[in-house]
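First up is the structure itself, then whatever we jot down about it.
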Amino acid sequence: MSAKVAALIRQGAPTSCAGRFVLDADAWRAMIAGLHNADLPLLGLWADGVQVHALFRYGQTALVASVVTPPEGYPALSPVRIGAGAPERIIHDLWGIPAIGGRRDPWLDQGRWPVAPPLVAHPAPMPGLPEGREFIDGPAVMQAGGTVLGYGPAEGNFRAPFHLRLGLPGERIEAVQPCMGYAHRGLAARLRGLAPQQAARLVARIDATATVAHQLAFARALHNATGTAMPAQDVAAGVMLGAMERIATHLDVLAQASAMLGDGRSATLAATMLEQVRQTCRELCGRRLLFDVIPPAATFPVCVEGTQLAALAAGHASLHRLFWRPRGLAAQARGKGVLSATMAARWGIMGCNARAADKGPGDITDRLDARLSEIGDSLCALATPPEASVMEAEGGGGEGLGWAEGPAGPIWHWLRLEAGHVAAWWCGDPSLALAQALPVILSGAAYEDVDLIVVSLGLSATGADL
Amino acid sequence: MAQLHLFGPEGTPLPRLEALDIFHIESGGCTGCALELASLSRALLAGSHPIRFVPTPRQAGMLLLTGSLTAGMAPVVELAWQAMPGPRVLAVIGDCAVDGGLFGGNYAVLGGVGERARTSMALPGCPPAPDEILAALVRWQASVRGTSG
């Protein structure tokens, strides 16, 4: 069935972007009907004001189906791909284009923007809602007369803001209503009209925990749009810096989780290793957090010193030992915040969290273990960097798609250039799927574990909100 | 003398720190500044230093903002400020919080709180390193001592 849907998409009108085809309304509806029984994971859904685009993974290739949207809207994908729910609401928030058959309540817009919808050519001024968004409790919380607790957007922690309204009829969470949009900075509007170099500086600052992956995905999309090959040095730098970023982000998660579970030794060791990685990054490219490193400077040394790697490898071995010791972190986190492989597939969650779900039940222990394993793999990659070669461009007609594996999962960038400037742009971050799945993951959890579960997932609201 | 082992060679001396309770809000940014603040917080905690980050504005004497102040976060910042008891100060860290930086005002962003409110401490940078943040806090404490003395 997947092959049939893929063939249907490919029958659409080809575009200047490799792998993107424009379908008519009937073909779009036929595609949705075919998706019921097809194994085509949805990787992203976005709009450019004229068309709506759906990005699928077919085998190892990316396939984009587009449809021209009349003012009354386009047939929704969310009935067949639950992960399309939030993107459809975001498209409605930003462009005013409704998904027929999907939800239309806001995802990003909390009623405080001065205009709506903000990305159209002539947005209407809005008075704004001084009270902000209203929550309506579901029957489970109403009937039980239970406690309703909030989480975020200001918890005094060091993460991007978002809000959860948690209904606790008893001691366990039963109802979760996420409220996103606090971290929305209007990046799609900001990038329009910028030269690629200016846009790259903004892209590097989408999410500091995955900045290299964003830079790399954007650079690949740009190379594909312009039809120029990515030089071998850039490819090598991307591999190396991506590994450094993965190590740093995973260590940050481990340090936070250890501190929350009261494992001071693991927390101190992870924080010390994290600081070593940050200082190594500063020595290599002058940036502790690896902003603006792709494309790399001509003098960039594509290797890390052996002594630094040996120290990190020793620290990693100790962290692994501490993690699995009796009554250690692994034992304490077992059974909490389960994200099973079935749930991951249903919500379109990929990357580190999906790999963790394949290891076991998909609880916090599995996720932290997966991060520990990836730290080891990344250290190996730094010790013996693979031979880098030039990455040939696909397409070249002014529109390109690129991706890179970030610490939390694959990151996608799509852009269209006109007269050498960005005319339209989209970014797909794994945090959006995680934010959508939060109600399911947190269901049945204790309120005290919410922070720990959110940290273990690596959810970044700034990547989800853009 | 206090020492901050994580950011410098062991034995790096620091001026004496005074007790300060800080409530941090990430007001909408890439969280780079927040990550560096997290590193600083861990180091201060490990060294049992008297500067600490607290989980509620009701305990705090300093409201420390990072990020470009989105439209959604502006009322949250205001509520946190109103919840702080007694003498309180406002500090901003990073280019975004100081003047918007790369994320100037648009429909979703107010463009930094440093341009809109009087701040006691403003440290630009994208992002400033933990040792720079700590140095700025120490300088600010010294200036307050100098003023009150």
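Going by the structure tokens order, chains are called A, B, ..., each with residues numbered from 1, while ligands are numbered from 1 in the order shown.
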Which residues of segment 3-80 of chain B come within 10 Å of segment 97-116 of chain A, and what is each one's closest atom pair and distance in Å (one decimal), counting only C-alpha atoms, sorted by chain and residue number, as JSON lines?
```
{"residue": "B:Thr70", "atom": "CA", "partner": "A:Trp113", "partner_atom": "CA", "distance": 9.6}
{"residue": "B:Ala71", "atom": "CA", "partner": "A:Arg112", "partner_atom": "CA", "distance": 6.1}
{"residue": "B:Gly72", "atom": "CA", "partner": "A:Arg112", "partner_atom": "CA", "distance": 6.5}
{"residue": "B:Met73", "atom": "CA", "partner": "A:Arg112", "partner_atom": "CA", "distance": 9.9}
{"residue": "B:Ala74", "atom": "CA", "partner": "A:Arg112", "partner_atom": "CA", "distance": 9.7}
{"residue": "B:Pro75", "atom": "CA", "partner": "A:Arg112", "partner_atom": "CA", "distance": 9.9}
```
Writing out the chosen residues with all heavy atoms as a PDB file, in the first residue's frame:
```
ATOM      1  N   THR B  70       8.809  37.250  24.471  1.00  0.00           N
ATOM      2  CA  THR B  70       7.713  37.039  23.518  1.00  0.00           C
ATOM      3  C   THR B  70       6.420  37.632  24.086  1.00  0.00           C
ATOM      4  O   THR B  70       6.309  37.886  25.292  1.00  0.00           O
ATOM      5  CB  THR B  70       7.500  35.536  23.267  1.00  0.00           C
ATOM      6  OG1 THR B  70       7.170  34.905  24.508  1.00  0.00           O
ATOM      7  CG2 THR B  70       8.728  34.882  22.680  1.00  0.00           C
ATOM      8  N   ALA B  71       5.442  37.793  23.186  1.00  0.00           N
ATOM      9  CA  ALA B  71       4.149  38.347  23.620  1.00  0.00           C
ATOM     10  C   ALA B  71       3.503  37.451  24.667  1.00  0.00           C
ATOM     11  O   ALA B  71       2.836  37.944  25.582  1.00  0.00           O
ATOM     12  CB  ALA B  71       3.237  38.479  22.400  1.00  0.00           C
ATOM     13  N   GLY B  72       3.707  36.143  24.542  1.00  0.00           N
ATOM     14  CA  GLY B  72       3.127  35.222  25.514  1.00  0.00           C
ATOM     15  C   GLY B  72       3.796  35.298  26.871  1.00  0.00           C
ATOM     16  O   GLY B  72       3.157  35.051  27.906  1.00  0.00           O
ATOM     17  N   MET B  73       5.083  35.622  26.904  1.00  0.00           N
ATOM     18  CA  MET B  73       5.819  35.613  28.171  1.00  0.00           C
ATOM     19  C   MET B  73       5.754  36.949  28.917  1.00  0.00           C
ATOM     20  O   MET B  73       6.062  37.004  30.111  1.00  0.00           O
ATOM     21  CB  MET B  73       7.286  35.239  27.934  1.00  0.00           C
ATOM     22  CG  MET B  73       7.525  33.765  27.684  1.00  0.00           C
ATOM     23  SD  MET B  73       6.865  32.709  28.981  1.00  0.00           S
ATOM     24  CE  MET B  73       7.997  33.020  30.314  1.00  0.00           C
ATOM     25  N   ALA B  74       5.360  38.021  28.225  1.00  0.00           N
ATOM     26  CA  ALA B  74       5.349  39.341  28.881  1.00  0.00           C
ATOM     27  C   ALA B  74       4.469  39.350  30.137  1.00  0.00           C
ATOM     28  O   ALA B  74       4.919  39.800  31.203  1.00  0.00           O
ATOM     29  CB  ALA B  74       4.908  40.408  27.879  1.00  0.00           C
ATOM     30  N   PRO B  75       3.218  38.829  30.082  1.00  0.00           N
ATOM     31  CA  PRO B  75       2.425  38.825  31.317  1.00  0.00           C
ATOM     32  C   PRO B  75       2.991  37.900  32.392  1.00  0.00           C
ATOM     33  O   PRO B  75       2.812  38.167  33.586  1.00  0.00           O
ATOM     34  CB  PRO B  75       1.044  38.341  30.855  1.00  0.00           C
ATOM     35  CG  PRO B  75       1.181  37.873  29.473  1.00  0.00           C
ATOM     36  CD  PRO B  75       2.451  38.377  28.921  1.00  0.00           C
TER      37      PRO B  75
END
```
Can you write out as a tab-separated table which residues of chain A fall within 6 Å of chain B, alongside each residue's closest atom pair and its distance in Å to one decimal, counting only C-alpha atoms and ordering rows by chain and ascending residue number?
```
residue	atom	partner	partner_atom	distance
A:Trp113	CA	B:Tyr107	CA	5.8
A:Ala154	CA	B:Ile25	CA	5.8
A:Glu155	CA	B:Pro55	CA	5.8
A:Gly156	CA	B:Pro55	CA	4.5
A:Phe158	CA	B:Ala34	CA	5.0
A:Ala160	CA	B:Glu26	CA	6.0
A:Tyr182	CA	B:Gly72	CA	4.7
A:Ala183	CA	B:Gly28	CA	4.4
A:Arg185	CA	B:Ala108	CA	5.4
A:Gly186	CA	B:Ala108	CA	5.9
A:Arg205	CA	B:Cys30	CA	5.3
A:Ile206	CA	B:Cys30	CA	5.3
A:Asp207	CA	B:Cys30	CA	4.5
A:Ala208	CA	B:Gly32	CA	5.0
```
In segment 33-144 of chain B, DSSP strand (DSSP E or B) residues written as a list in words:
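Restricting segment 33-144 of chain B to strand (DSSP E or B) produces Ile51, Arg52, Phe53, Met62, Leu63, Leu64, Leu65, Thr66, Thr70, Val89, Leu90, Ala91, Val92, Ile93, Val109, Met121, Ala122 and Leu123 of chain B.
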As an NGL selection string, please: the residues near segment 66-73 of chain A (cut-off 8 Å, only C-alpha atoms, same-chain neighbours under 6 positions excluded).
:A and (20-25 or 28 or 50-54 or 97-100)
Keeping only N, CA, C and O atoms, write the selected residues to a file as a PDB file, in the first residue's frame.
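File result-v6.pdb, as written:
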```pdb
ATOM      1  N   ARG A  20       9.499  16.699  -4.474  1.00  0.00           N
ATOM      2  CA  ARG A  20       8.219  17.362  -4.160  1.00  0.00           C
ATOM      3  C   ARG A  20       7.323  17.374  -5.393  1.00  0.00           C
ATOM      4  O   ARG A  20       7.776  17.706  -6.495  1.00  0.00           O
ATOM      5  N   PHE A  21       6.053  16.999  -5.185  1.00  0.00           N
ATOM      6  CA  PHE A  21       5.089  16.922  -6.269  1.00  0.00           C
ATOM      7  C   PHE A  21       3.803  17.633  -5.852  1.00  0.00           C
ATOM      8  O   PHE A  21       3.376  17.507  -4.702  1.00  0.00           O
ATOM      9  N   VAL A  22       3.220  18.347  -6.798  1.00  0.00           N
ATOM     10  CA  VAL A  22       1.976  19.069  -6.503  1.00  0.00           C
ATOM     11  C   VAL A  22       0.789  18.223  -6.961  1.00  0.00           C
ATOM     12  O   VAL A  22       0.704  17.841  -8.132  1.00  0.00           O
ATOM     13  N   LEU A  23      -0.094  17.929  -6.020  1.00  0.00           N
ATOM     14  CA  LEU A  23      -1.274  17.108  -6.307  1.00  0.00           C
ATOM     15  C   LEU A  23      -2.493  18.001  -6.483  1.00  0.00           C
ATOM     16  O   LEU A  23      -2.559  19.083  -5.893  1.00  0.00           O
ATOM     17  N   ASP A  24      -3.453  17.536  -7.291  1.00  0.00           N
ATOM     18  CA  ASP A  24      -4.718  18.268  -7.315  1.00  0.00           C
ATOM     19  C   ASP A  24      -5.573  17.810  -6.132  1.00  0.00           C
ATOM     20  O   ASP A  24      -5.210  16.852  -5.428  1.00  0.00           O
ATOM     21  N   ALA A  25      -6.707  18.452  -5.917  1.00  0.00           N
ATOM     22  CA  ALA A  25      -7.507  18.178  -4.719  1.00  0.00           C
ATOM     23  C   ALA A  25      -7.961  16.721  -4.662  1.00  0.00           C
ATOM     24  O   ALA A  25      -7.949  16.101  -3.588  1.00  0.00           O
ATOM     25  N   TRP A  28      -5.042  14.530  -3.687  1.00  0.00           N
ATOM     26  CA  TRP A  28      -4.742  14.729  -2.256  1.00  0.00           C
ATOM     27  C   TRP A  28      -5.700  13.885  -1.400  1.00  0.00           C
ATOM     28  O   TRP A  28      -5.283  13.222  -0.453  1.00  0.00           O
ATOM     29  N   VAL A  50       0.297  29.600  -0.309  1.00  0.00           N
ATOM     30  CA  VAL A  50      -0.365  29.184  -1.542  1.00  0.00           C
ATOM     31  C   VAL A  50      -0.657  27.685  -1.504  1.00  0.00           C
ATOM     32  O   VAL A  50      -1.727  27.239  -1.889  1.00  0.00           O
ATOM     33  N   GLN A  51       0.316  26.935  -1.025  1.00  0.00           N
ATOM     34  CA  GLN A  51       0.179  25.484  -0.979  1.00  0.00           C
ATOM     35  C   GLN A  51       0.428  24.980   0.440  1.00  0.00           C
ATOM     36  O   GLN A  51       1.107  25.635   1.240  1.00  0.00           O
ATOM     37  N   VAL A  52      -0.105  23.797   0.710  1.00  0.00           N
ATOM     38  CA  VAL A  52       0.229  23.066   1.942  1.00  0.00           C
ATOM     39  C   VAL A  52       1.091  21.879   1.531  1.00  0.00           C
ATOM     40  O   VAL A  52       0.817  21.230   0.515  1.00  0.00           O
ATOM     41  N   HIS A  53       2.138  21.630   2.296  1.00  0.00           N
ATOM     42  CA  HIS A  53       3.090  20.577   1.946  1.00  0.00           C
ATOM     43  C   HIS A  53       3.135  19.530   3.057  1.00  0.00           C
ATOM     44  O   HIS A  53       3.206  19.890   4.239  1.00  0.00           O
ATOM     45  N   ALA A  54       3.127  18.270   2.673  1.00  0.00           N
ATOM     46  CA  ALA A  54       3.247  17.170   3.636  1.00  0.00           C
ATOM     47  C   ALA A  54       4.489  16.368   3.290  1.00  0.00           C
ATOM     48  O   ALA A  54       4.651  15.914   2.156  1.00  0.00           O
ATOM     49  N   ILE A  97      -5.352  29.280   7.261  1.00  0.00           N
ATOM     50  CA  ILE A  97      -5.856  28.228   6.360  1.00  0.00           C
ATOM     51  C   ILE A  97      -6.359  27.065   7.214  1.00  0.00           C
ATOM     52  O   ILE A  97      -5.572  26.440   7.925  1.00  0.00           O
ATOM     53  N   PRO A  98      -7.647  26.765   7.150  1.00  0.00           N
ATOM     54  CA  PRO A  98      -8.160  25.675   7.992  1.00  0.00           C
ATOM     55  C   PRO A  98      -7.963  24.305   7.339  1.00  0.00           C
ATOM     56  O   PRO A  98      -7.886  24.189   6.119  1.00  0.00           O
ATOM     57  N   ALA A  99      -7.863  23.297   8.197  1.00  0.00           N
ATOM     58  CA  ALA A  99      -7.818  21.908   7.729  1.00  0.00           C
ATOM     59  C   ALA A  99      -9.226  21.349   7.858  1.00  0.00           C
ATOM     60  O   ALA A  99      -9.759  21.283   8.962  1.00  0.00           O
ATOM     61  N   ILE A 100      -9.825  20.974   6.733  1.00  0.00           N
ATOM     62  CA  ILE A 100     -11.211  20.473   6.754  1.00  0.00           C
ATOM     63  C   ILE A 100     -11.207  19.080   7.383  1.00  0.00           C
ATOM     64  O   ILE A 100     -10.555  18.169   6.891  1.00  0.00           O
TER      65      ILE A 100
END
```
Considering only C-alpha atoms, return as a ChimeraX atom specification whatever protein or nucleic-acid residues lie within 10 Å of segment 226-237 of chain A, sequence-local ones (same chain, fewer than 6 positions apart) excluded.
/A:212,216,219-220,243,293-298,300-303,385-400,416-417,420
Kindly save the residues from that selection, with N, CA, C and O atoms included, as a short mmCIF file (atom, residue, chain, number, x, y, z; two decimals), in the first residue's frame.
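And here's selection-v4.cif as it stands now:
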```
data_model
loop_
_atom_site.label_atom_id
_atom_site.label_comp_id
_atom_site.auth_asym_id
_atom_site.auth_seq_id
_atom_site.Cartn_x
_atom_site.Cartn_y
_atom_site.Cartn_z
N VAL A 212 23.83 22.83 15.92
CA VAL A 212 24.60 22.30 14.79
C VAL A 212 23.68 21.58 13.81
O VAL A 212 23.79 21.75 12.58
N LEU A 216 23.23 22.58 10.00
CA LEU A 216 23.58 21.60 8.96
C LEU A 216 22.38 21.34 8.04
O LEU A 216 22.55 21.30 6.80
N ALA A 219 21.95 24.32 5.86
CA ALA A 219 23.01 24.39 4.84
C ALA A 219 22.75 23.38 3.72
O ALA A 219 22.93 23.69 2.54
N ARG A 220 22.30 22.19 4.09
CA ARG A 220 22.00 21.17 3.06
C ARG A 220 20.84 21.62 2.19
O ARG A 220 20.85 21.43 0.97
N ALA A 243 28.59 15.42 16.49
CA ALA A 243 28.91 14.47 17.56
C ALA A 243 29.18 15.22 18.87
O ALA A 243 28.72 14.80 19.94
N VAL A 293 28.83 27.87 13.27
CA VAL A 293 30.02 27.07 12.95
C VAL A 293 29.90 26.36 11.60
O VAL A 293 30.85 25.75 11.13
N ILE A 294 28.71 26.40 10.98
CA ILE A 294 28.51 25.81 9.65
C ILE A 294 28.11 26.93 8.71
O ILE A 294 27.11 27.61 8.98
N PRO A 295 28.84 27.19 7.62
CA PRO A 295 30.06 26.50 7.19
C PRO A 295 31.24 26.86 8.09
O PRO A 295 31.29 27.98 8.62
N PRO A 296 32.16 25.92 8.27
CA PRO A 296 33.27 26.17 9.20
C PRO A 296 34.29 27.15 8.64
O PRO A 296 34.37 27.34 7.43
N ALA A 297 35.06 27.75 9.54
CA ALA A 297 36.14 28.63 9.11
C ALA A 297 37.21 27.79 8.39
O ALA A 297 37.31 26.58 8.61
N ALA A 298 37.96 28.46 7.53
CA ALA A 298 38.97 27.74 6.74
C ALA A 298 40.01 27.07 7.62
O ALA A 298 40.59 26.05 7.26
N PHE A 300 39.52 25.65 10.46
CA PHE A 300 38.89 24.76 11.45
C PHE A 300 39.61 23.40 11.48
O PHE A 300 39.71 22.73 10.45
N PRO A 301 40.10 22.98 12.66
CA PRO A 301 40.77 21.67 12.73
C PRO A 301 39.73 20.56 12.93
O PRO A 301 39.01 20.54 13.91
N VAL A 302 39.66 19.65 11.98
CA VAL A 302 38.61 18.63 12.05
C VAL A 302 39.09 17.43 12.88
O VAL A 302 39.14 16.31 12.40
N CYS A 303 39.49 17.69 14.11
CA CYS A 303 39.84 16.59 15.01
C CYS A 303 39.89 17.14 16.43
O CYS A 303 40.07 18.33 16.65
N PRO A 385 37.21 9.56 12.92
CA PRO A 385 36.23 10.21 12.05
C PRO A 385 36.16 9.53 10.69
O PRO A 385 37.19 9.15 10.11
N PRO A 386 34.91 9.32 10.20
CA PRO A 386 34.78 8.67 8.89
C PRO A 386 35.30 9.57 7.78
O PRO A 386 35.34 10.79 7.91
N GLU A 387 35.68 8.93 6.67
CA GLU A 387 36.19 9.68 5.51
C GLU A 387 35.06 10.55 4.95
O GLU A 387 33.97 10.04 4.65
N ALA A 388 35.28 11.85 4.89
CA ALA A 388 34.23 12.74 4.39
C ALA A 388 34.43 13.00 2.91
O ALA A 388 35.56 13.09 2.43
N SER A 389 33.33 13.05 2.20
CA SER A 389 33.42 13.35 0.77
C SER A 389 32.41 14.44 0.44
O SER A 389 31.53 14.76 1.23
N VAL A 390 32.55 14.98 -0.74
CA VAL A 390 31.64 16.05 -1.18
C VAL A 390 30.21 15.53 -1.24
O VAL A 390 29.98 14.39 -1.68
N MET A 391 29.26 16.32 -0.75
CA MET A 391 27.86 15.91 -0.80
C MET A 391 27.20 16.60 -1.99
O MET A 391 27.08 17.82 -2.02
N GLU A 392 26.82 15.78 -2.98
CA GLU A 392 26.24 16.35 -4.20
C GLU A 392 24.85 16.93 -3.92
O GLU A 392 24.12 16.44 -3.06
N ALA A 393 24.50 17.96 -4.68
CA ALA A 393 23.20 18.61 -4.49
C ALA A 393 22.11 17.84 -5.24
O ALA A 393 22.38 17.17 -6.23
N GLU A 394 20.90 17.93 -4.71
CA GLU A 394 19.73 17.36 -5.38
C GLU A 394 18.82 18.51 -5.77
O GLU A 394 18.41 19.29 -4.92
N GLY A 395 18.49 18.61 -6.99
CA GLY A 395 17.61 19.70 -7.43
C GLY A 395 18.44 20.88 -7.91
O GLY A 395 19.33 20.72 -8.75
N GLY A 396 18.17 22.04 -7.38
CA GLY A 396 18.93 23.22 -7.78
C GLY A 396 18.08 24.27 -8.46
O GLY A 396 18.61 25.22 -9.03
N GLY A 397 16.80 24.13 -8.39
CA GLY A 397 15.92 25.11 -9.05
C GLY A 397 15.41 26.19 -8.12
O GLY A 397 14.32 26.72 -8.32
N GLY A 398 16.16 26.49 -7.06
CA GLY A 398 15.74 27.56 -6.17
C GLY A 398 14.93 27.09 -4.98
O GLY A 398 14.45 27.89 -4.19
N GLU A 399 14.81 25.77 -4.86
CA GLU A 399 14.04 25.24 -3.73
C GLU A 399 14.73 23.97 -3.24
O GLU A 399 15.14 23.14 -4.06
N GLY A 400 14.89 23.83 -1.95
CA GLY A 400 15.63 22.68 -1.46
C GLY A 400 15.16 22.21 -0.10
O GLY A 400 14.57 22.97 0.67
N ARG A 416 12.75 28.19 -0.03
CA ARG A 416 12.61 28.61 -1.44
C ARG A 416 13.31 29.95 -1.58
O ARG A 416 13.10 30.86 -0.75
N LEU A 417 14.16 30.04 -2.60
CA LEU A 417 14.90 31.28 -2.83
C LEU A 417 14.29 32.03 -4.02
O LEU A 417 13.89 31.41 -5.01
N GLY A 420 17.89 35.37 -4.92
CA GLY A 420 19.00 35.18 -3.97
C GLY A 420 18.62 35.37 -2.52
O GLY A 420 19.49 35.34 -1.65
#
```
